[in-house]
Every structure is written in structure tokens, then in C-alpha cells.
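Everything below concerns the one structure shown next.
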Amino acid sequence: MNTATSNGTLESLLRGQPALPASPLAWLNRLRAEAVDRAGALTVPSTRDEDWRFTDISPLTKMPFHPVSSPSPLDAGEIAGLALPEAGARLVFVDGVYAPHLSYNEAGIVVENLAAGSSRHGTAIEPHLGRHAGFGDNIFAALNTAFLRDGALIVVPCSVSVAAPVHLLFIATQPEAVSYPRCLVVAESGSTVTVVEDFVALQDAAYFTNAVSEIALADSASVRHVRVQRDSSAAFHIANCAVSLACASRYQAVSIALGARISRHNLNVLQASKGAECVIDGLALITGHQLADTHSLVDHAQPHGVSRQSHKCIVDGAAHAVFNGKIMVRPGAQRTDSSQSSRNLLLTGKARIDTKPQLEIFADDVKCAHGATVGQLDDEEVFYLRSRGLSDAAARNLLTYAFGAEIIDRIPVATLRQRLEQIVLAQTHR
Amino acid sequence: MIDQDSKVLLEVRGLRATVNGIEILKGIDLAVSSGEIHAIMGPNGSGKSTFAKVLAGHPAYQVTDGTVFFEGRNLLELAPEARARLGVFLGFQYPIEIPGVANSQFLRLAYNTVQTERGKDELDPLEFDDFVREKMKLLEMNPDFLDRSVNEGFSGGEKKRNEILQMALLEPKIGILDETDSGLDIDALRIVASGVNRLASKDNAIVLITHYQRLLNYITPDYVHVMDAGRIIRTGGKELALELETRGYDWVSAEYKQTATRATA
């Protein structure tokens, strides 16, 4: 990729920015201005960058994406099939633009559009917005922040437990549109909440989703986070999610990547205080010429932290999955207990996986386990099922399904779990 | 029970098989009729488990010679699933764990596949649930096992009970149980054995593959076969098992060699 193309892309992407109305909050305007500056100074990464070695995003730079000026007027009936009946609140964004008529909040906590909520909840937001997902060297986070306007704001007050999940639904409807979904979750001390980020497409168009999520957990807070990326198979999806864990807080995440021509999910979890715990599970199920890349970083910065990570990829057709899972144990982060597994299933000879567990340990009293496997279905498992009367194809389908279902089963929202199980069942049925 | 009116279910002649080019089975002859219970015993490495897997159609083994007929059909040309649908059941020595598949889902899928083959109606999840719970009582199994993933986190005894449960559901004509007694404590052994006894009928046959006589205290075989180095070298009644228990296997093997030498000379 040459620099001219790259800068051309950026110029075109940044073109719409000055049209954004200024916020009444000076710090927010400053944040956006800084992000515009950074975006202008950075270049679009190429495969020469170590972090992007396996993920060639040059197709993205060749498309003329632009922010949507007039979003499609959807009515509730058109998205009925996407609703989660369990949800206590829902925010809907169509091509990145907040759709109040499709949104509701019966959760009893702050669940609202950032553009409106930022001034009302300025003091709660300021320490967090743009502070966790750094954009100093991340062009996509910089672009998202430069366009920061509509987005989801969730604030869970001290010691409040919200049982019903909060559903954030990001719907893409237009070709060549770029959207900048943004999400900020502030879980105050001792609070509990479940957040579902759901990225869907209503048509098979080429568009660009560039998302940033920030999740801040105060002492003893607990957040369950489900992320489902089922963009169109022609779409580009780049996401940065930054999570910050205070003392004895607990973060449980399940990320499912099914869609997009090229997707990249960066998940950074910082254990900023002692005794924090995170469980981060992921599944990529891709086919055709899809590429799904997950880069995760669990940063054990303080002692007595626990992290558990299970990442799985099922790669069919000529698709390509990438996993880079870094576990950092900083000096002084004693008694860290960390485990990571990367398990991958290649269904064809043309499918490809690049997996790289990466441990950097600077403390001496720690327990860190990691493992990676790449393979086909286990012959003994196939034979076991066939010996019970299942055909070879049925046995393989069931085992492939089961491989993915193990991750999907961890989603704490029954409707969503069942829906995804159906998708996986259909996709693993050849 | 040995019955004059019974019909031959399984007939194995001169069966030879290899795995990775190494010959494990070196000419096995065995005939099993309906209503019979056979025990195949023998030291480790004698080929007992290989024999069971070859009968079930494990793809890792190559049959190089001999024939296997099941109710007059050539079993060796059938895929494992076709054998299962005809009524051949293998109870695994090491049942496979399948995380992500609920046991109930797996059991129902297997049951319905075999039912369809037999021209009977499938059961929907609710009907199947009632049906399987009845069968589980036979094995004193906790219904919680339906909701768990197939064999995942089951103890050795639980896995073996789950195997016999599958046999109870699939109602095979021949059940080949590969070391079903291994890893069982005495209570589990009693439960599994009583389950097998209740499933045995005049219309089906059971082949028990076992290392020890212990299981045969609970399930009385009509025939006991001793396998050694890929052959059946002796066949007797249930008293042979007791003799093996006290005297070990060496004498059988020594007597066989003598006879073999005499035959050649």
C-alpha cells in the first residue's frame, strides 16, 4: 500500500468531521480536536506493521466510504426479528445515527445516547470517555473519537444490580457508509450489569463499521459483555474495546464474529487494581474469503489478578482467522493466575489460521498457562458418533457445531444464545 | 442362554486386521447366535479391543483377510453408521467427551436415526425426554446427565452407564461391550451388570470383552473365549473364566502352542 492511497483514504474519511456540531462541553471538543490531529498524523497500517502482519486491510482503503447524512427510516416492525425480549433497555443506531423511536429504557439506570447524555452526566463521563481506548497510535480509535457524537452511554450507580440486559443494536443499511459506533459503560462500585453489543446488517452491502467501546469497572463491580458481530459479508469491521478493572471487579466477555469481509477486534483489558478477574471468550466462525482477526491484551498490572481466556475459530472455505493473545504480567503483579487457550478448527485445505499466544511475564510468583491447537475434527469423536448411527456428514456437522456452541453457551441471554445456535447450526450444516 | 431355535447373528471367519501396517488380528473365528452371552478374555495386547473396533467399523483398522457376516450381510463392506443401524452396538472402553453437545440432544439424534432406519416414528424432544428418563431408571442415573455435555466431566462409572443407556435406547441385536467393567467400583459394576442383564433377551446377543473375571460374577456367559496374540485360542463355558482367574493366562497359551506344534508336525 502506498502512502498516497493511505492519506487519500484518511482525507476522505475525515472530510465529514468539521460538519459535526460542537458540544457544550469544552473537554469533549478538545478530545475530538486532538483525535482529528492524531488521525491526520497517523497512517493506515499495512502488513509491514507487526500488529497487522496477517491482516491486509488495503481493500478497505480502496473504497470511498462516507458518513451517512440521512439514515434509513426504519420502523419497529422491520427490526422485530432482532429484538431481545429479555432486554430492559435498548438503544438502536442506524448507520451510526441514534434512532430514538426504536429505543427504550426500562432498566432504571442511565442508558441513553451519548450526544444528549454527555452534558447531563459530564462529571461521570469525563474521567472515562476517550481515556481507556487510547488513540495516540491507533488510527481507527482516533477516527472514531474524531467523529464522537452519537453512541451508547450506560452508567450503573453504586451497588445497583441490573438483571435485564442492555441491548445496543447497531444496524447497517447503506452501502459505502462509514459509521463510528461508540459505547461507554461506567459501572460504579459494587454494581452489576449485562451489556449486549449487536452489530447487524439489513443488506449485503460493503460498508465500514469502526467501533470503539470503553468499559470502566469500579471496585467490586461486575460487567457481563456480549459482542456479536454479524455484519454483511462484504463489510469491513474494525473495533477497539478497552476495559479497565478496579479492585476485585469482574469482567466476563463473550465475543462472536460471524460476519464481515475483513474484521479486526482489539480487546484490551487492564487490571488496574488488585484482585480483578476477567473471563474473555471468543468465537470466530467464517467462510468464503472472510478474514477475522482478534488481538487481545490482558494487562495484569496489579497483584492477585485472575484471567481466563478461551478463543476458538472455525474456518471454512478459503477464509483466514488470526488470533494474537497477549498476556502481560507487570513487575509486582504477584499471584497472578492466568490461562489462555486458542483452539482452531480448519474445515478445508484452503482455510487458514494464524494463532499466536504471547506471554510477557515480569513477576516471579505467578501461574500462567497457555495452549494453542490447530486441527481438523478428531477421528475418534467422528467414529463415536457414527457408531451410534449418525452419518459421517451428520457427525462432522454436529462436532463442528459443538465446537462453536461451547462458546455460545456462555452467553447469558437465552434468546440471543438460541438465535446464534441456529446460525451456527445452519452454517456448520454442509 | 443357549437355545436350539436361535439363529446365527454374527459369523466371523479367518479375520485378519492391521493398524498402521502392523497385524493385530491373525485369524479370528467366532459365531454368535441370538440369546447368547459371550465373554472374550485375554491378556493386555491380545487384540480384544481391536476385534471390537473392527466389528464396529473403526476406519483406523484395515481388514486384510477373512469375512464377517451379520444376519447374512457382509458387515465389512458397510460404514460404521450402517452397521449401527443394522443393530451392531459397540460400548466404548473410553467413551468420548463431546463438549457443546447436550447428552439429551445426542441421545435423541442417535435414537431417531436408528428408529427411522427401522421404519418407526421419531420422537420429539418432549416424548423422548419421558422415554429416556424411564430407561435411565434402569441404570439408576440422575436425570441431570441429560442436560450436561456428552460424557464431559462424567466419572468413569457415569460414562459406562451412559454407554449402557445408549444400548438400552438403540436396542441393538448384538451389543459388544469393550471393557465396560474397567474403572468401575463395586456398586457401579453391579448397576451396569444388572442393566446389561435386563437388556439381554432371546432375540439379541451380548459380547463382553473383559480383562477380569469380576464382571462375570454378575453376568453369566454361555461361552468364554480366550484371545492371545490376535487369535481365539480356547473356548469353554463359564467355568473357564474361573479357571483363568485362579491360574492366569499362561497355561492356556502354552497348551495352545503345544496343540499347534503337534498339528503342524
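Simple scheme: letters A, B, ... for chains in C-alpha cells order, numbers from 1 for residues in each chain, numbers from 1 for ligands in the order shown.
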Counting only C-alpha atoms, collect the residues of chain A whose closest atom lies at most 9 Å from chain B, and write them out as an MDAnalysis selection string. chainID A and resid 379:381 383:392 398:399 401:409
Find the spatial neighbours of segment 32-38 of chain B, counting only C-alpha atoms, within a cut-off of 12 Å - ignore same-chain residues fewer than 2 positions away - and output them as a short mmCIF file (atom, residue, chain, number, x, y, z; two decimals) with N, CA, C and O atoms, in the first residue's frame.
data_model
loop_
_atom_site.label_atom_id
_atom_site.label_comp_id
_atom_site.auth_asym_id
_atom_site.auth_seq_id
_atom_site.Cartn_x
_atom_site.Cartn_y
_atom_site.Cartn_z
N MET B 1 -28.33 -67.41 27.17
CA MET B 1 -28.90 -68.76 27.17
C MET B 1 -28.70 -69.39 25.79
O MET B 1 -28.86 -68.72 24.76
N ILE B 2 -28.33 -70.63 25.78
CA ILE B 2 -28.12 -71.33 24.51
C ILE B 2 -29.45 -72.01 24.14
O ILE B 2 -30.03 -72.72 24.93
N ASP B 3 -29.90 -71.70 22.94
CA ASP B 3 -31.25 -72.12 22.56
C ASP B 3 -31.18 -72.81 21.20
O ASP B 3 -30.56 -72.31 20.26
N GLN B 4 -31.81 -73.94 21.09
CA GLN B 4 -31.78 -74.72 19.84
C GLN B 4 -32.43 -73.95 18.69
O GLN B 4 -32.04 -74.07 17.54
N ASP B 5 -33.45 -73.11 19.02
CA ASP B 5 -34.18 -72.39 17.97
C ASP B 5 -33.51 -71.07 17.59
O ASP B 5 -34.02 -70.32 16.76
N SER B 6 -32.41 -70.76 18.24
CA SER B 6 -31.79 -69.46 17.98
C SER B 6 -31.21 -69.45 16.57
O SER B 6 -30.98 -70.50 15.96
N LYS B 7 -30.97 -68.21 16.08
CA LYS B 7 -30.36 -68.12 14.76
C LYS B 7 -29.01 -67.41 14.88
O LYS B 7 -28.80 -66.61 15.80
N VAL B 8 -28.14 -67.74 13.94
CA VAL B 8 -26.81 -67.15 13.98
C VAL B 8 -26.92 -65.66 13.64
O VAL B 8 -27.51 -65.29 12.62
N LEU B 9 -26.39 -64.81 14.52
CA LEU B 9 -26.38 -63.37 14.24
C LEU B 9 -25.06 -62.96 13.59
O LEU B 9 -25.04 -62.29 12.57
N LEU B 10 -23.99 -63.36 14.22
CA LEU B 10 -22.67 -62.91 13.78
C LEU B 10 -21.80 -64.11 13.47
O LEU B 10 -21.71 -65.05 14.27
N GLU B 11 -21.16 -64.03 12.32
CA GLU B 11 -20.27 -65.13 11.95
C GLU B 11 -18.95 -64.56 11.42
O GLU B 11 -18.93 -63.91 10.39
N VAL B 12 -17.91 -64.80 12.18
CA VAL B 12 -16.59 -64.27 11.82
C VAL B 12 -15.71 -65.44 11.41
O VAL B 12 -15.62 -66.44 12.13
N ARG B 13 -15.05 -65.30 10.25
CA ARG B 13 -14.17 -66.38 9.79
C ARG B 13 -12.82 -65.86 9.32
O ARG B 13 -12.75 -65.01 8.44
N ASP B 29 -12.00 -66.73 14.42
CA ASP B 29 -13.25 -67.40 14.08
C ASP B 29 -14.18 -67.30 15.27
O ASP B 29 -13.77 -67.58 16.40
N LEU B 30 -15.41 -66.87 15.02
CA LEU B 30 -16.36 -66.74 16.12
C LEU B 30 -17.77 -66.75 15.55
O LEU B 30 -18.05 -66.09 14.55
N ILE B 40 -15.19 -62.47 25.94
CA ILE B 40 -13.86 -62.62 25.34
C ILE B 40 -12.85 -62.08 26.32
O ILE B 40 -12.91 -60.91 26.72
N MET B 41 -11.97 -62.97 26.77
CA MET B 41 -10.98 -62.57 27.76
C MET B 41 -9.59 -62.71 27.16
O MET B 41 -9.43 -63.28 26.09
N VAL B 68 -16.84 -61.29 7.75
CA VAL B 68 -17.72 -61.06 8.90
C VAL B 68 -19.13 -60.91 8.35
O VAL B 68 -19.40 -59.98 7.58
N PHE B 69 -19.99 -61.83 8.72
CA PHE B 69 -21.38 -61.72 8.30
C PHE B 69 -22.28 -61.48 9.50
O PHE B 69 -22.07 -62.03 10.57
N PHE B 70 -23.23 -60.57 9.31
CA PHE B 70 -24.18 -60.25 10.37
C PHE B 70 -25.57 -60.47 9.78
O PHE B 70 -25.96 -59.79 8.84
N GLU B 71 -26.27 -61.43 10.31
CA GLU B 71 -27.57 -61.84 9.77
C GLU B 71 -27.49 -62.02 8.25
O GLU B 71 -28.36 -61.55 7.51
N PRO B 172 -29.87 -52.76 20.19
CA PRO B 172 -29.14 -53.48 19.13
C PRO B 172 -29.43 -54.98 19.18
O PRO B 172 -29.90 -55.50 20.19
N LYS B 173 -29.11 -55.65 18.08
CA LYS B 173 -29.24 -57.11 18.07
C LYS B 173 -28.00 -57.74 18.70
O LYS B 173 -28.06 -58.83 19.25
N ILE B 174 -26.87 -57.02 18.56
CA ILE B 174 -25.68 -57.51 19.23
C ILE B 174 -24.98 -56.33 19.92
O ILE B 174 -24.76 -55.30 19.31
N GLY B 175 -24.74 -56.51 21.19
CA GLY B 175 -24.05 -55.46 21.96
C GLY B 175 -22.66 -55.96 22.31
O GLY B 175 -22.51 -56.98 22.97
N ILE B 176 -21.66 -55.25 21.80
CA ILE B 176 -20.27 -55.63 22.08
C ILE B 176 -19.76 -54.63 23.11
O ILE B 176 -19.66 -53.44 22.82
N LEU B 177 -19.50 -55.10 24.30
CA LEU B 177 -19.14 -54.18 25.39
C LEU B 177 -17.66 -54.32 25.71
O LEU B 177 -17.21 -55.33 26.25
N VAL B 196 -27.28 -54.58 31.96
CA VAL B 196 -26.99 -55.46 30.82
C VAL B 196 -27.88 -56.71 30.89
O VAL B 196 -28.46 -57.13 29.88
N ASN B 197 -28.00 -57.28 32.07
CA ASN B 197 -28.82 -58.48 32.22
C ASN B 197 -30.27 -58.24 31.81
O ASN B 197 -30.92 -59.09 31.23
N LEU B 199 -31.24 -56.10 29.65
CA LEU B 199 -31.33 -55.85 28.21
C LEU B 199 -31.16 -57.14 27.39
O LEU B 199 -31.59 -57.22 26.25
N ALA B 200 -30.50 -58.13 28.00
CA ALA B 200 -30.26 -59.38 27.27
C ALA B 200 -31.58 -60.13 27.10
O ALA B 200 -32.36 -60.23 28.04
N SER B 201 -31.81 -60.62 25.87
CA SER B 201 -33.05 -61.35 25.63
C SER B 201 -32.78 -62.50 24.68
O SER B 201 -31.65 -62.69 24.21
N LYS B 202 -33.81 -63.26 24.37
CA LYS B 202 -33.60 -64.40 23.47
C LYS B 202 -33.38 -63.94 22.03
O LYS B 202 -32.93 -64.70 21.19
N ASP B 203 -33.67 -62.67 21.77
CA ASP B 203 -33.54 -62.19 20.40
C ASP B 203 -32.22 -61.46 20.12
O ASP B 203 -31.91 -61.14 18.99
N ASN B 204 -31.52 -61.13 21.19
CA ASN B 204 -30.26 -60.42 20.95
C ASN B 204 -29.09 -61.20 21.55
O ASN B 204 -29.28 -62.26 22.16
N ALA B 205 -27.89 -60.65 21.36
CA ALA B 205 -26.71 -61.30 21.90
C ALA B 205 -25.78 -60.25 22.49
O ALA B 205 -25.81 -59.09 22.08
N ILE B 206 -25.01 -60.69 23.47
CA ILE B 206 -24.06 -59.77 24.11
C ILE B 206 -22.67 -60.39 24.01
O ILE B 206 -22.50 -61.59 24.27
N VAL B 207 -21.70 -59.54 23.62
CA VAL B 207 -20.30 -59.98 23.67
C VAL B 207 -19.58 -59.08 24.67
O VAL B 207 -19.51 -57.87 24.47
N LEU B 208 -19.12 -59.68 25.74
CA LEU B 208 -18.43 -58.91 26.78
C LEU B 208 -16.94 -59.07 26.57
O LEU B 208 -16.44 -60.20 26.54
N ILE B 209 -16.26 -57.93 26.44
CA ILE B 209 -14.81 -58.02 26.36
C ILE B 209 -14.27 -57.57 27.70
O ILE B 209 -14.60 -56.48 28.16
N THR B 210 -13.54 -58.44 28.34
CA THR B 210 -13.12 -58.10 29.69
C THR B 210 -11.77 -58.71 30.02
O THR B 210 -11.38 -59.75 29.49
N LEU B 216 -18.06 -61.24 35.35
CA LEU B 216 -18.78 -62.47 35.05
C LEU B 216 -19.42 -63.07 36.30
O LEU B 216 -20.19 -64.03 36.22
N ILE B 219 -22.74 -61.19 35.35
CA ILE B 219 -23.36 -61.55 34.07
C ILE B 219 -22.81 -62.92 33.69
O ILE B 219 -21.60 -63.08 33.51
N THR B 220 -23.69 -63.89 33.59
CA THR B 220 -23.22 -65.25 33.36
C THR B 220 -23.10 -65.51 31.86
O THR B 220 -24.10 -65.47 31.13
N PRO B 221 -21.89 -65.79 31.41
CA PRO B 221 -21.72 -66.04 29.97
C PRO B 221 -22.06 -67.49 29.60
O PRO B 221 -21.92 -68.40 30.42
N ASP B 222 -22.51 -67.67 28.37
CA ASP B 222 -22.70 -69.02 27.86
C ASP B 222 -21.38 -69.58 27.34
O ASP B 222 -21.13 -70.77 27.41
N TYR B 223 -20.57 -68.67 26.80
CA TYR B 223 -19.27 -69.07 26.28
C TYR B 223 -18.20 -68.11 26.77
O TYR B 223 -18.44 -66.91 26.86
N VAL B 224 -17.03 -68.68 27.05
CA VAL B 224 -15.87 -67.84 27.36
C VAL B 224 -14.78 -68.17 26.34
O VAL B 224 -14.46 -69.34 26.13
N HIS B 225 -14.28 -67.11 25.70
CA HIS B 225 -13.21 -67.29 24.71
C HIS B 225 -11.95 -66.62 25.25
O HIS B 225 -12.03 -65.56 25.86
N VAL B 226 -10.84 -67.26 25.00
CA VAL B 226 -9.57 -66.64 25.40
C VAL B 226 -8.85 -66.19 24.13
O VAL B 226 -8.66 -66.97 23.19
N THR B 235 -11.95 -71.98 23.78
CA THR B 235 -13.34 -71.64 24.06
C THR B 235 -13.89 -72.64 25.06
O THR B 235 -13.63 -73.84 24.93
N GLY B 236 -14.59 -72.11 26.05
CA GLY B 236 -15.17 -73.01 27.04
C GLY B 236 -16.44 -72.41 27.60
O GLY B 236 -16.95 -71.41 27.10
N GLY B 237 -16.91 -73.00 28.67
CA GLY B 237 -18.10 -72.47 29.35
C GLY B 237 -17.69 -71.48 30.42
O GLY B 237 -16.53 -71.08 30.50
N LYS B 238 -18.65 -71.11 31.27
CA LYS B 238 -18.36 -70.08 32.28
C LYS B 238 -17.28 -70.52 33.26
O LYS B 238 -16.60 -69.69 33.86
N ALA B 241 -13.69 -69.17 32.85
CA ALA B 241 -13.35 -67.86 33.40
C ALA B 241 -12.79 -68.01 34.81
O ALA B 241 -11.82 -67.34 35.20
#
Distance criterion (only C-alpha atoms): nearest to Ala152 of chain A out of A:His132, A:His167, A:His295, A:Arg182: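 When distances to Ala152 of chain A are compared using only C-alpha atoms, the smallest one comes from A:Arg182.
Considering only C-alpha atoms, the residue among B:Glu77, B:Ser194, B:Glu140, B:Ser104 positioned nearest to Leu55 of chain B is B:Glu77.
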